[in-house]
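What follows is the content of start_0.txt (compact mmCIF, C-alpha atoms).
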# COMPACT_ATOMS: atom_id res chain seq x y z
CA SER A 1 -48.33 -84.60 -14.10
CA GLY A 2 -51.70 -86.27 -13.58
CA GLY A 3 -54.81 -86.09 -15.72
CA SER A 4 -58.54 -86.52 -15.41
CA ASP A 5 -58.16 -89.89 -17.15
CA GLY A 6 -56.27 -91.38 -14.21
CA VAL A 7 -52.93 -91.39 -16.03
CA VAL A 8 -49.67 -90.06 -14.56
CA ARG A 9 -47.13 -88.85 -17.10
CA LEU A 10 -43.42 -88.22 -16.64
CA TRP A 11 -41.94 -85.46 -18.79
CA ASP A 12 -38.52 -84.98 -20.32
CA LEU A 13 -37.51 -81.42 -19.45
CA GLY A 14 -35.07 -81.29 -22.34
CA SER A 15 -37.54 -82.12 -25.09
CA GLY A 16 -40.75 -81.13 -23.34
CA ALA A 17 -42.28 -84.47 -24.33
CA PRO A 18 -43.74 -87.18 -22.07
CA THR A 19 -41.75 -90.35 -21.57
CA GLU A 20 -43.04 -93.60 -23.04
CA ALA A 21 -44.27 -95.08 -19.78
CA PHE A 22 -47.67 -93.96 -18.48
CA LEU A 23 -48.55 -94.82 -14.88
CA ARG A 24 -52.24 -95.63 -14.48
CA HIS A 25 -54.85 -95.53 -11.74
CA PRO A 26 -58.08 -97.53 -12.12
CA GLN A 27 -60.04 -94.28 -12.16
CA GLY A 28 -59.31 -90.56 -12.44
CA PRO A 29 -58.88 -87.79 -11.84
CA ILE A 30 -55.36 -87.58 -10.43
CA ASN A 31 -55.67 -85.11 -7.56
CA SER A 32 -51.99 -84.72 -6.67
CA VAL A 33 -48.56 -85.88 -7.88
CA ALA A 34 -45.20 -85.71 -6.10
CA LEU A 35 -41.64 -86.57 -7.12
CA SER A 36 -39.22 -87.60 -4.38
CA PRO A 37 -36.22 -85.28 -3.83
CA ASP A 38 -33.79 -87.87 -5.24
CA GLY A 39 -36.00 -88.56 -8.26
CA ALA A 40 -36.35 -92.24 -7.38
CA TRP A 41 -40.08 -92.27 -6.64
CA VAL A 42 -43.33 -90.83 -7.96
CA ALA A 43 -46.45 -90.76 -5.80
CA SER A 44 -49.91 -90.02 -7.16
CA ALA A 45 -53.19 -89.55 -5.29
CA ALA A 46 -56.49 -90.41 -6.96
CA GLU A 47 -59.69 -92.41 -6.44
CA TYR A 48 -59.26 -95.34 -4.05
CA GLY A 49 -55.79 -94.37 -2.84
CA THR A 50 -52.23 -93.15 -3.38
CA ARG A 51 -49.85 -95.16 -5.53
CA ILE A 52 -46.03 -95.17 -5.29
CA TRP A 53 -44.08 -95.87 -8.45
CA ARG A 54 -40.40 -96.63 -9.09
CA VAL A 55 -38.99 -94.14 -11.60
CA GLY A 56 -36.18 -96.42 -12.75
CA ASP A 57 -38.44 -99.11 -14.24
CA ASP A 58 -41.85 -97.34 -14.02
CA GLN A 59 -43.27 -100.16 -11.92
CA LEU A 60 -45.82 -99.91 -9.12
CA GLN A 61 -44.13 -100.32 -5.74
CA GLY A 62 -47.32 -100.30 -3.68
CA GLU A 63 -50.44 -98.41 -2.69
CA ILE A 64 -51.82 -96.63 0.35
CA PRO A 65 -55.59 -97.24 0.36
CA ALA A 66 -57.88 -94.27 0.88
CA ASN A 67 -61.25 -93.96 2.51
CA GLY A 68 -62.77 -92.31 -0.54
CA ALA A 69 -60.18 -90.57 -2.69
CA GLY A 70 -56.55 -89.60 -2.20
CA LEU A 71 -56.37 -85.80 -2.18
CA ALA A 72 -52.79 -84.60 -1.57
CA VAL A 73 -49.38 -86.25 -1.52
CA ILE A 74 -45.83 -85.10 -0.75
CA PHE A 75 -42.45 -86.61 0.18
CA SER A 76 -40.42 -85.72 3.24
CA PRO A 77 -37.27 -83.67 2.52
CA ASN A 78 -35.05 -86.77 2.73
CA GLY A 79 -37.41 -88.81 0.55
CA LYS A 80 -37.77 -91.56 3.16
CA ARG A 81 -41.44 -90.90 3.86
CA VAL A 82 -44.45 -90.31 1.64
CA ILE A 83 -47.33 -88.39 3.20
CA THR A 84 -50.84 -88.40 1.76
CA SER A 85 -54.42 -87.51 2.72
CA ASP A 86 -57.88 -88.69 1.77
CA SER A 87 -61.40 -87.32 1.43
CA ALA A 88 -62.47 -88.80 4.77
CA GLY A 89 -60.00 -86.64 6.72
CA ASN A 90 -57.22 -89.20 7.23
CA VAL A 91 -53.49 -88.47 6.93
CA TYR A 92 -51.11 -91.34 6.13
CA VAL A 93 -47.32 -91.68 6.41
CA ALA A 94 -45.42 -94.57 4.84
CA ASP A 95 -41.99 -95.72 3.71
CA PRO A 96 -41.93 -95.74 -0.13
CA LEU A 97 -40.19 -99.11 0.00
CA ALA A 98 -43.07 -100.63 1.99
CA PRO A 99 -46.15 -98.42 1.60
CA ASP A 100 -48.48 -101.09 3.02
CA GLY A 101 -46.97 -100.55 6.47
CA PHE A 102 -48.36 -97.04 6.88
CA GLN A 103 -49.36 -95.13 10.00
CA ALA A 104 -52.41 -92.86 10.01
CA TRP A 105 -54.14 -90.18 12.04
CA ARG A 106 -57.26 -88.08 11.78
CA ALA A 107 -57.31 -84.43 10.75
CA SER A 108 -60.12 -82.01 11.55
CA GLU A 109 -61.37 -82.19 7.95
CA PRO A 110 -60.30 -83.49 4.51
CA ILE A 111 -56.81 -82.13 3.76
CA MET A 112 -56.33 -80.55 0.34
CA ALA A 113 -52.68 -79.48 0.72
CA LEU A 114 -49.67 -80.81 2.63
CA ALA A 115 -46.21 -79.44 3.42
CA ALA A 116 -43.18 -80.81 5.27
CA SER A 117 -40.91 -78.69 7.44
CA PRO A 118 -37.32 -78.23 6.20
CA VAL A 119 -35.89 -80.77 8.64
CA GLY A 120 -38.81 -83.13 8.05
CA ASP A 121 -40.03 -83.42 11.64
CA GLN A 122 -43.38 -81.67 11.13
CA ILE A 123 -46.23 -81.85 8.62
CA ALA A 124 -48.71 -79.06 7.88
CA GLY A 125 -52.10 -79.70 6.32
CA GLY A 126 -54.69 -77.30 4.92
CA GLY A 127 -58.32 -78.32 4.71
CA VAL A 128 -61.44 -77.84 2.61
CA THR A 129 -62.90 -75.17 4.92
CA GLY A 130 -59.61 -73.36 5.59
CA ILE A 131 -58.30 -75.08 8.73
CA VAL A 132 -54.48 -75.32 8.90
CA GLU A 133 -53.01 -77.92 11.26
CA ILE A 134 -49.43 -78.95 12.09
CA TRP A 135 -48.48 -82.42 13.36
CA GLY A 136 -45.32 -84.23 14.33
CA LEU A 137 -44.30 -86.55 11.50
CA ALA A 138 -43.21 -89.35 13.83
CA ASP A 139 -46.47 -89.68 15.78
CA GLY A 140 -49.14 -87.47 14.19
CA ILE A 141 -49.63 -85.51 17.42
CA PRO A 142 -50.60 -81.84 16.91
CA VAL A 143 -47.69 -79.52 17.71
CA ALA A 144 -49.53 -76.19 17.28
CA GLN A 145 -52.98 -74.75 17.66
CA PRO A 146 -55.02 -74.93 14.41
CA VAL A 147 -55.53 -71.72 12.42
CA GLN A 148 -58.82 -71.09 10.61
CA PHE A 149 -59.05 -69.18 7.31
CA PRO A 150 -62.31 -68.19 5.58
CA SER A 151 -61.83 -70.36 2.47
CA ALA A 152 -60.26 -73.63 1.34
CA VAL A 153 -56.48 -74.00 1.42
CA ARG A 154 -54.92 -74.55 -2.02
CA SER A 155 -51.27 -74.91 -1.06
CA LEU A 156 -48.83 -74.71 1.87
CA ARG A 157 -45.09 -74.14 2.10
CA PHE A 158 -42.72 -73.81 5.05
CA SER A 159 -40.05 -71.13 4.85
CA VAL A 160 -36.49 -72.37 4.50
CA ASP A 161 -35.78 -71.61 8.16
CA GLY A 162 -38.99 -73.30 9.34
CA GLY A 163 -40.11 -70.17 11.15
CA SER A 164 -43.05 -69.36 8.89
CA LEU A 165 -45.76 -71.14 6.96
CA LEU A 166 -47.06 -69.61 3.73
CA VAL A 167 -50.71 -70.47 3.07
CA GLN A 168 -52.49 -69.97 -0.25
CA THR A 169 -56.29 -69.89 -0.07
CA VAL A 170 -58.69 -69.22 -2.94
CA SER A 171 -57.74 -65.55 -3.37
CA TRP A 172 -55.10 -64.80 -0.73
CA TYR A 173 -51.60 -65.57 0.49
CA HIS A 174 -51.14 -65.61 4.27
CA ARG A 175 -47.93 -65.90 6.25
CA ILE A 176 -48.21 -67.61 9.62
CA SER A 177 -45.38 -66.96 12.03
CA LEU A 178 -44.36 -70.04 14.03
CA ALA A 179 -41.80 -68.22 16.18
CA GLY A 180 -44.00 -67.76 19.26
CA GLU A 181 -45.84 -70.16 21.54
CA LEU A 182 -48.91 -69.99 19.29
CA PRO A 183 -49.12 -69.62 15.48
CA ALA A 184 -49.79 -65.98 14.58
CA LEU A 185 -50.98 -64.46 11.31
CA ALA A 186 -48.18 -62.12 10.27
CA GLU A 187 -49.19 -60.88 6.80
CA SER A 188 -51.85 -61.31 4.11
CA ARG A 189 -51.74 -60.41 0.42
CA LEU A 190 -54.18 -60.78 -2.45
CA ALA A 191 -53.09 -63.47 -4.91
CA PRO A 192 -52.31 -62.39 -8.49
CA LEU A 193 -55.09 -63.03 -10.99
CA GLY A 194 -54.82 -66.59 -12.30
CA ALA A 195 -52.45 -67.81 -9.61
CA ALA A 196 -52.13 -71.59 -9.80
CA PRO A 197 -52.34 -73.75 -6.68
CA GLN A 198 -49.27 -75.52 -5.27
CA ALA A 199 -47.02 -72.82 -6.66
CA GLY A 200 -45.66 -71.27 -3.50
CA ASN A 201 -41.91 -71.16 -2.89
CA PRO A 202 -41.17 -69.00 0.16
CA GLY A 203 -37.74 -67.46 0.43
CA PRO A 204 -35.93 -66.74 3.71
CA GLY A 205 -38.41 -65.82 6.42
CA GLY A 206 -41.32 -66.73 4.14
CA ARG A 207 -41.48 -63.21 2.75
CA THR A 208 -41.17 -63.97 -0.96
CA GLN A 209 -43.57 -66.10 -2.94
CA GLN A 210 -42.90 -67.22 -6.51
CA THR A 211 -46.21 -67.76 -8.22
CA VAL A 212 -47.02 -69.71 -11.36
CA VAL A 213 -49.78 -67.93 -13.25
CA ALA A 214 -51.99 -70.12 -15.42
CA GLY A 215 -52.59 -69.15 -19.03
CA ARG A 216 -51.40 -70.06 -22.49
CA GLN A 217 -47.86 -69.88 -21.15
CA PHE A 218 -46.47 -70.29 -17.67
CA GLU A 219 -45.32 -67.09 -16.07
CA PHE A 220 -43.29 -66.52 -12.92
CA ARG A 221 -43.86 -63.55 -10.66
CA ASP A 222 -42.37 -62.55 -7.35
CA LEU A 223 -44.64 -61.54 -4.51
CA ASP A 224 -42.81 -59.78 -1.71
CA MET A 225 -44.81 -60.35 1.45
CA GLY A 226 -42.86 -57.55 3.14
CA ARG A 227 -44.05 -54.77 0.81
CA PRO A 228 -47.43 -53.02 0.81
CA ASN A 229 -50.01 -54.76 -1.35
CA ALA A 230 -51.24 -51.50 -2.95
CA ARG A 231 -50.21 -47.89 -3.38
CA PRO A 232 -52.28 -45.07 -1.85
CA VAL A 233 -55.03 -43.71 -4.10
CA THR A 234 -54.53 -40.09 -5.14
CA GLY A 235 -57.06 -37.51 -6.24
CA ASP A 236 -56.18 -37.72 -9.94
CA VAL A 237 -56.88 -41.47 -10.16
CA ARG A 238 -60.08 -42.37 -11.98
CA PRO A 239 -61.79 -45.14 -10.02
CA VAL A 240 -62.68 -48.31 -11.91
CA LEU A 241 -65.76 -48.88 -9.79
CA ALA A 242 -68.35 -46.21 -10.61
CA ARG A 243 -69.77 -46.09 -7.07
CA TRP A 244 -66.53 -46.88 -5.30
CA GLU A 245 -67.15 -44.31 -2.58
CA ARG A 246 -70.32 -46.04 -1.42
CA ALA A 247 -68.75 -49.50 -1.77
CA LEU A 248 -65.82 -48.55 0.46
CA GLY A 249 -67.61 -46.04 2.68
CA LEU A 250 -64.95 -43.42 1.82
CA PHE A 251 -64.48 -40.30 -0.29
CA LEU A 252 -61.47 -38.18 -1.27
CA ASP A 253 -61.45 -34.63 0.05
CA GLY A 254 -59.87 -31.65 -1.72
CA ALA A 255 -56.43 -32.59 -0.44
CA GLY A 256 -56.73 -36.15 -1.79
CA GLU A 257 -57.15 -37.66 1.67
CA ALA A 258 -59.62 -40.49 2.23
CA GLN A 259 -62.47 -39.55 4.57
CA ALA A 260 -65.38 -41.59 5.90
CA LEU A 261 -68.75 -40.95 4.30
CA PRO A 262 -71.33 -39.52 6.69
CA LEU A 263 -73.99 -42.01 7.70
CA ALA A 264 -77.17 -41.62 5.68
CA ILE A 265 -80.23 -42.60 7.73
CA PRO A 266 -83.20 -43.26 5.42
CA ALA A 267 -86.42 -41.53 6.26
CA VAL A 268 -89.25 -43.75 7.47
CA SER A 269 -92.60 -42.82 6.00
CA GLU A 270 -95.78 -43.33 7.89
CA GLY A 271 -97.28 -46.76 7.39
CA ASN A 272 -93.94 -48.40 6.54
CA PRO A 273 -92.17 -50.43 9.23
Structure translated into structure tokens:
Amino acid sequence: SGGSDGVVRLWDLGSGAPTEAFLRHPQGPINSVALSPDGAWVASAAEYGTRIWRVGDDQLQGEIPANGAGLAVIFSPNGKRVITSDSAGNVYVADPLAPDGFQAWRASEPIMALAASPVGDQIAGGGVTGIVEIWGLADGIPVAQPVQFPSAVRSLRFSVDGGSLLVQTVSWYHRISLAGELPALAESRLAPLGAAPQAGNPGPGGRTQQTVVAGRQFEFRDLDMGRPNARPVTGDVRPVLARWERALGLFLDGAGEAQALPLAIPAVSEGNP
């Protein structure tokens, strides 16, 4: 975990206590932390750059400098590459053993979330205004047309088969199908209240999302992207919104069916434009 004080802490899952070694950046906050799949490396993104630490002796292996602040960081599935982004819109890829020898490319905007495909050949990035891009890991060349969402991207996850990309924005989950020639929005669902960022774990086909809900205790919920997001409203349901009919432009008839409200054209009195 990373704190606003610029300190990265490793936790013992058995005791729930932090280990003795604290890994420090010159300045906080820590914007993102990643643990390599084999547990050998920790990467942390903060002001001035992304640092790579050796877990065995808690020593700093090296740093990828940022133009501004490091925003997001992940490892490739095989742990041989660390991928990070900065507030100037750059994306960096490096070998954890030699992070100074990084390669970099430009994204359309600062990238807040990153994800690696299951085989590790592609990288997806989600930006501050909602642009989602996918690049080849080896060369940084775009491999798909960007997709624009209305709000900032909080997290990204590829499905286990690589055929879908699950995108979490401020209030929504979206599933992008990558099966065709162009990325296509397949489904959208409202996020549960209090859903934490970087909590998406798509199941097969990207249809199931496990969400961590913030609160006094962590809670795990399953969101099935294949089921309807809401049940039909019936006539005996008391609406929470007092003027819900006007807000939605609908009303329930005697049979409980939703009907469109007739248009009300205000009268224009003489002398008023």
May I have the protein, DNA and RNA residues with any atom at most 8 Å from the point (-54.0, -64.4, 6.0), counting all atoms listed in the file, written as a list in words? Phe149, Val167, Trp172, Tyr173, His174, Arg175, Ile176, Leu185, Ala186, Glu187, Ser188 and Arg189 of chain A
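Checking A:Leu60, A:Ser36, A:Gln103, A:Ala46 one by one against Ser76 (chain A), counting all atoms listed in the file, you find the shortest gap at A:Ser36.
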For Ala115 (chain A), which residue out of A:Ile83, A:Ala98, A:Val55, A:Val42 is the nearest one, using all atoms listed in the file?
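Ranking A:Ile83, A:Ala98, A:Val55, A:Val42 by distance to Ala115 (chain A), first place goes to A:Ile83.
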Please compute the CA of Ala138 (chain A)-CA of Ser108 (chain A) distance, one decimal, in Å.
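Spanning CA of Ala138 (chain A) to CA of Ser108 (chain A) is a straight-line distance of 18.6 Å.
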Quick one: distance from CA of Ala179 (chain A) to CA of Asp161 (chain A) in Å, one decimal?
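These atoms are spaced 10.6 Å apart.
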Mind pulling up the distance from CA of Trp53 (chain A) to CA of Pro26 (chain A)?
->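 Separating CA of Pro26 (chain A) from CA of Trp53 (chain A) is a distance of 14.6 Å.
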Need the shell around Gly140 (chain A): protein/DNA/RNA residues with any atom at most 8 Å away, counting all atoms listed in the file. Skip same-chain ones fewer than 5 positions apart. Format as a tab-separated table (two decimals) with C-alpha atoms, in the frame of the given file?
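Generated file (selection-v8.tsv):
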chain	number	residue	atom	x	y	z
A	104	ALA	CA	-52.41	-92.86	10.01
A	105	TRP	CA	-54.14	-90.18	12.04
A	135	TRP	CA	-48.48	-82.42	13.36
* Counting only C-alpha atoms, which of A:Ala107, A:Ile74, A:Val132, A:Val170 gets nearest to Ala191 (chain A)? ->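 Answer, going by the shortest atom-to-atom distance: A:Val170.
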Check: Which one of A:Phe22, A:Val160, A:Gly127, A:Ser4 sits closest to Gln59 (chain A) if you count all atoms listed in the file?
Finding: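 With all atoms listed in the file as the atom set, the closest residue is A:Phe22.
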Fewer than 6 positions away in the same chain doesn't count, so skip those; otherwise give me all residues within 12 Å of region 30-35 of chain A, counting only C-alpha atoms, as a tab-separated table (two decimals) with C-alpha atoms, in the frame of the given file.
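Once everything was written out, this is part17.tsv:
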chain	number	residue	atom	x	y	z
A	1	SER	CA	-48.33	-84.60	-14.10
A	2	GLY	CA	-51.70	-86.27	-13.58
A	3	GLY	CA	-54.81	-86.09	-15.72
A	4	SER	CA	-58.54	-86.52	-15.41
A	5	ASP	CA	-58.16	-89.89	-17.15
A	6	GLY	CA	-56.27	-91.38	-14.21
A	7	VAL	CA	-52.93	-91.39	-16.03
A	8	VAL	CA	-49.67	-90.06	-14.56
A	9	ARG	CA	-47.13	-88.85	-17.10
A	10	LEU	CA	-43.42	-88.22	-16.64
A	11	TRP	CA	-41.94	-85.46	-18.79
A	23	LEU	CA	-48.55	-94.82	-14.88
A	24	ARG	CA	-52.24	-95.63	-14.48
A	41	TRP	CA	-40.08	-92.27	-6.64
A	42	VAL	CA	-43.33	-90.83	-7.96
A	43	ALA	CA	-46.45	-90.76	-5.80
A	44	SER	CA	-49.91	-90.02	-7.16
A	45	ALA	CA	-53.19	-89.55	-5.29
A	46	ALA	CA	-56.49	-90.41	-6.96
A	47	GLU	CA	-59.69	-92.41	-6.44
A	48	TYR	CA	-59.26	-95.34	-4.05
A	49	GLY	CA	-55.79	-94.37	-2.84
A	50	THR	CA	-52.23	-93.15	-3.38
A	51	ARG	CA	-49.85	-95.16	-5.53
A	52	ILE	CA	-46.03	-95.17	-5.29
A	53	TRP	CA	-44.08	-95.87	-8.45
A	54	ARG	CA	-40.40	-96.63	-9.09
A	55	VAL	CA	-38.99	-94.14	-11.60
A	69	ALA	CA	-60.18	-90.57	-2.69
A	70	GLY	CA	-56.55	-89.60	-2.20
A	71	LEU	CA	-56.37	-85.80	-2.18
A	72	ALA	CA	-52.79	-84.60	-1.57
A	73	VAL	CA	-49.38	-86.25	-1.52
A	74	ILE	CA	-45.83	-85.10	-0.75
A	75	PHE	CA	-42.45	-86.61	0.18
A	76	SER	CA	-40.42	-85.72	3.24
A	77	PRO	CA	-37.27	-83.67	2.52
A	78	ASN	CA	-35.05	-86.77	2.73
A	79	GLY	CA	-37.41	-88.81	0.55
A	81	ARG	CA	-41.44	-90.90	3.86
A	82	VAL	CA	-44.45	-90.31	1.64
A	83	ILE	CA	-47.33	-88.39	3.20
A	84	THR	CA	-50.84	-88.40	1.76
A	85	SER	CA	-54.42	-87.51	2.72
A	86	ASP	CA	-57.88	-88.69	1.77
A	87	SER	CA	-61.40	-87.32	1.43
A	96	PRO	CA	-41.93	-95.74	-0.13
A	111	ILE	CA	-56.81	-82.13	3.76
A	112	MET	CA	-56.33	-80.55	0.34
A	113	ALA	CA	-52.68	-79.48	0.72
A	114	LEU	CA	-49.67	-80.81	2.63
A	115	ALA	CA	-46.21	-79.44	3.42
A	154	ARG	CA	-54.92	-74.55	-2.02
A	155	SER	CA	-51.27	-74.91	-1.06
A	197	PRO	CA	-52.34	-73.75	-6.68
A	198	GLN	CA	-49.27	-75.52	-5.27
Taking (-60.7, -68.2, -1.0) in the file's coordinates, which residues come within 7 Å, counting all atoms listed in the file, written as a list in words?
Pro150, Ser151, Ala152, Thr169, Val170, Ser171 and Trp172 of chain A
Mind dumping the selected residues with C-alpha atoms as a short mmCIF file (atom, residue, chain, number, x, y, z; two decimals), keeping the file's coordinate frame?
data_model
loop_
_atom_site.label_atom_id
_atom_site.label_comp_id
_atom_site.auth_asym_id
_atom_site.auth_seq_id
_atom_site.Cartn_x
_atom_site.Cartn_y
_atom_site.Cartn_z
CA PRO A 150 -62.31 -68.19 5.58
CA SER A 151 -61.83 -70.36 2.47
CA ALA A 152 -60.26 -73.63 1.34
CA THR A 169 -56.29 -69.89 -0.07
CA VAL A 170 -58.69 -69.22 -2.94
CA SER A 171 -57.74 -65.55 -3.37
CA TRP A 172 -55.10 -64.80 -0.73
#
Could you work out an axis-aligned bounding box for all listed atoms of region 165-171 of chain A, with 8 Å added on each of the six sides, and give its centre and edge lengths in Å to one decimal, as lines of an AutoDock Vina configuration file?
center_x = -52.2
center_y = -68.3
center_z = 1.8
size_x = 28.9
size_y = 21.6
size_z = 26.3
